[in-house]
Amino acid sequence: MNTAKFRAESTYPPVVVQPVDIALSRRKGLLTIEWEDGMVSELPLAYLRGWCPCAACQGHGTVVQFHPAPADIGLELMAEAGSYALHLRFTDGHDSGIYTWGWLRRIAPDSPPAGLKSGRFEGGRFEPL
Ligand SMILES: [Zn+2]
């Protein structure tokens, strides 16, 4: 029996690291987040769109999955949602994703496990497809 079911935002990482600076470069199509522990994450916008955490993109199950997006996708809107997340509206009109700090930290390309995350997370572990 699997008692360690993955919950997208509440269990990993156990303590949510907070961002101290967030910078959007529209020209580079890149969101750069500096975290309070000193890590810096560079997140391409197409990569963020691919990891949209909304229910339509990720369903309600225990598996989350990357959905490839056009490389030239942009952002129409970026706003803080409370003090815990970013609300992003992409140029394809999709805006239902609330990107919590925990989620952003988790999908960051330089968060463990290292490397491009083109697979899926399951049971708190990354599984390449
Ligand atoms: Zn979505």
# chains A, B, ... in the order shown; residues from 1 in each chain; ligands from 1

call {"tool": "residues_near_ligand", "arguments": {"ligand": "ligand 1", "cutoff": "7 Å", "atoms": "only C-alpha atoms and all ligand atoms", "output": "PyMOL selection string"}}
result
chain A and resi 52-57+94-97

call {"tool": "residues_around", "arguments": {"residues": "His87 of chain A", "least_positions_apart": "5", "cutoff": "8 Å", "atoms": "only C-alpha atoms", "output": "PDB file with C-alpha atoms, in the first residue's frame"}}
result
ATOM      1  CA  LEU A  77       0.556  39.174 -17.347  1.00  0.00           C
ATOM      2  CA  MET A  78       2.541  38.320 -14.257  1.00  0.00           C
ATOM      3  CA  ALA A  79       1.110  39.127 -10.829  1.00  0.00           C
ATOM      4  CA  GLU A  80       1.624  37.935  -7.301  1.00  0.00           C
ATOM      5  CA  ALA A  81      -1.166  35.789  -5.933  1.00  0.00           C
ATOM      6  CA  ASP A  95      -4.049  31.787 -17.324  1.00  0.00           C
ATOM      7  CA  SER A  96      -5.458  29.246 -14.907  1.00  0.00           C
ATOM      8  CA  GLY A  97      -2.142  28.208 -13.391  1.00  0.00           C
ATOM      9  CA  ILE A  98      -1.204  29.456  -9.928  1.00  0.00           C
ATOM     10  CA  TYR A  99       2.527  28.877  -9.625  1.00  0.00           C
TER      11      TYR A  99
END

call {"tool": "closest_residue", "arguments": {"among": "A:Thr62, A:Leu24, A:His67, A:Glu76", "to": "Arg89 of chain A", "atoms": "only C-alpha atoms"}}
result
A:Glu76

call {"tool": "residues_around", "arguments": {"residues": "Gln18 of chain A", "least_positions_apart": "2", "cutoff": "9 Å", "atoms": "only C-alpha atoms", "output": "list in words"}}
result
Val16, Val20, Glu34, Trp35, Glu36, Asp37, Tyr84, Trp101, Gly102 and Arg105 of chain A

call {"tool": "write_last_selection", "arguments": {"atoms": "C-alpha atoms", "output": "short mmCIF file (atom, residue, chain, number, x, y, z; two decimals), in the first residue's frame"}}
result
data_model
loop_
_atom_site.label_atom_id
_atom_site.label_comp_id
_atom_site.auth_asym_id
_atom_site.auth_seq_id
_atom_site.Cartn_x
_atom_site.Cartn_y
_atom_site.Cartn_z
CA VAL A 16 8.90 26.10 1.13
CA VAL A 20 13.83 37.22 -2.65
CA GLU A 34 16.59 34.32 -6.71
CA TRP A 35 15.72 32.26 -3.63
CA GLU A 36 16.41 33.05 0.00
CA ASP A 37 18.89 30.19 0.23
CA TYR A 84 2.61 32.52 -1.92
CA TRP A 101 6.84 29.10 -4.69
CA GLY A 102 7.06 25.41 -3.92
CA ARG A 105 11.24 25.70 -6.94
#

call {"tool": "atom_distance", "arguments": {"atom1": "atom CA of Thr91 of chain A", "atom2": "atom CA of Gly74 of chain A"}}
result
5.2 Å

call {"tool": "residues_around", "arguments": {"residues": "Ala69 of chain A", "least_positions_apart": "3", "cutoff": "7 Å", "atoms": "only C-alpha atoms", "output": "ChimeraX atom specification"}}
result
/A:46,49-50

call {"tool": "closest_residue", "arguments": {"among": "A:Pro109, A:Gly93, A:Gly59, A:Pro19", "to": "Ile73 of chain A", "atoms": "only C-alpha atoms"}}
result
A:Gly93

call {"tool": "atom_distance", "arguments": {"atom1": "atom CA of Ala23 of chain A", "atom2": "atom CA of Val40 of chain A"}}
result
10.9 Å

call {"tool": "atom_distance", "arguments": {"atom1": "atom CA of Leu86 of chain A", "atom2": "atom CA of Arg106 of chain A"}}
result
14.1 Å
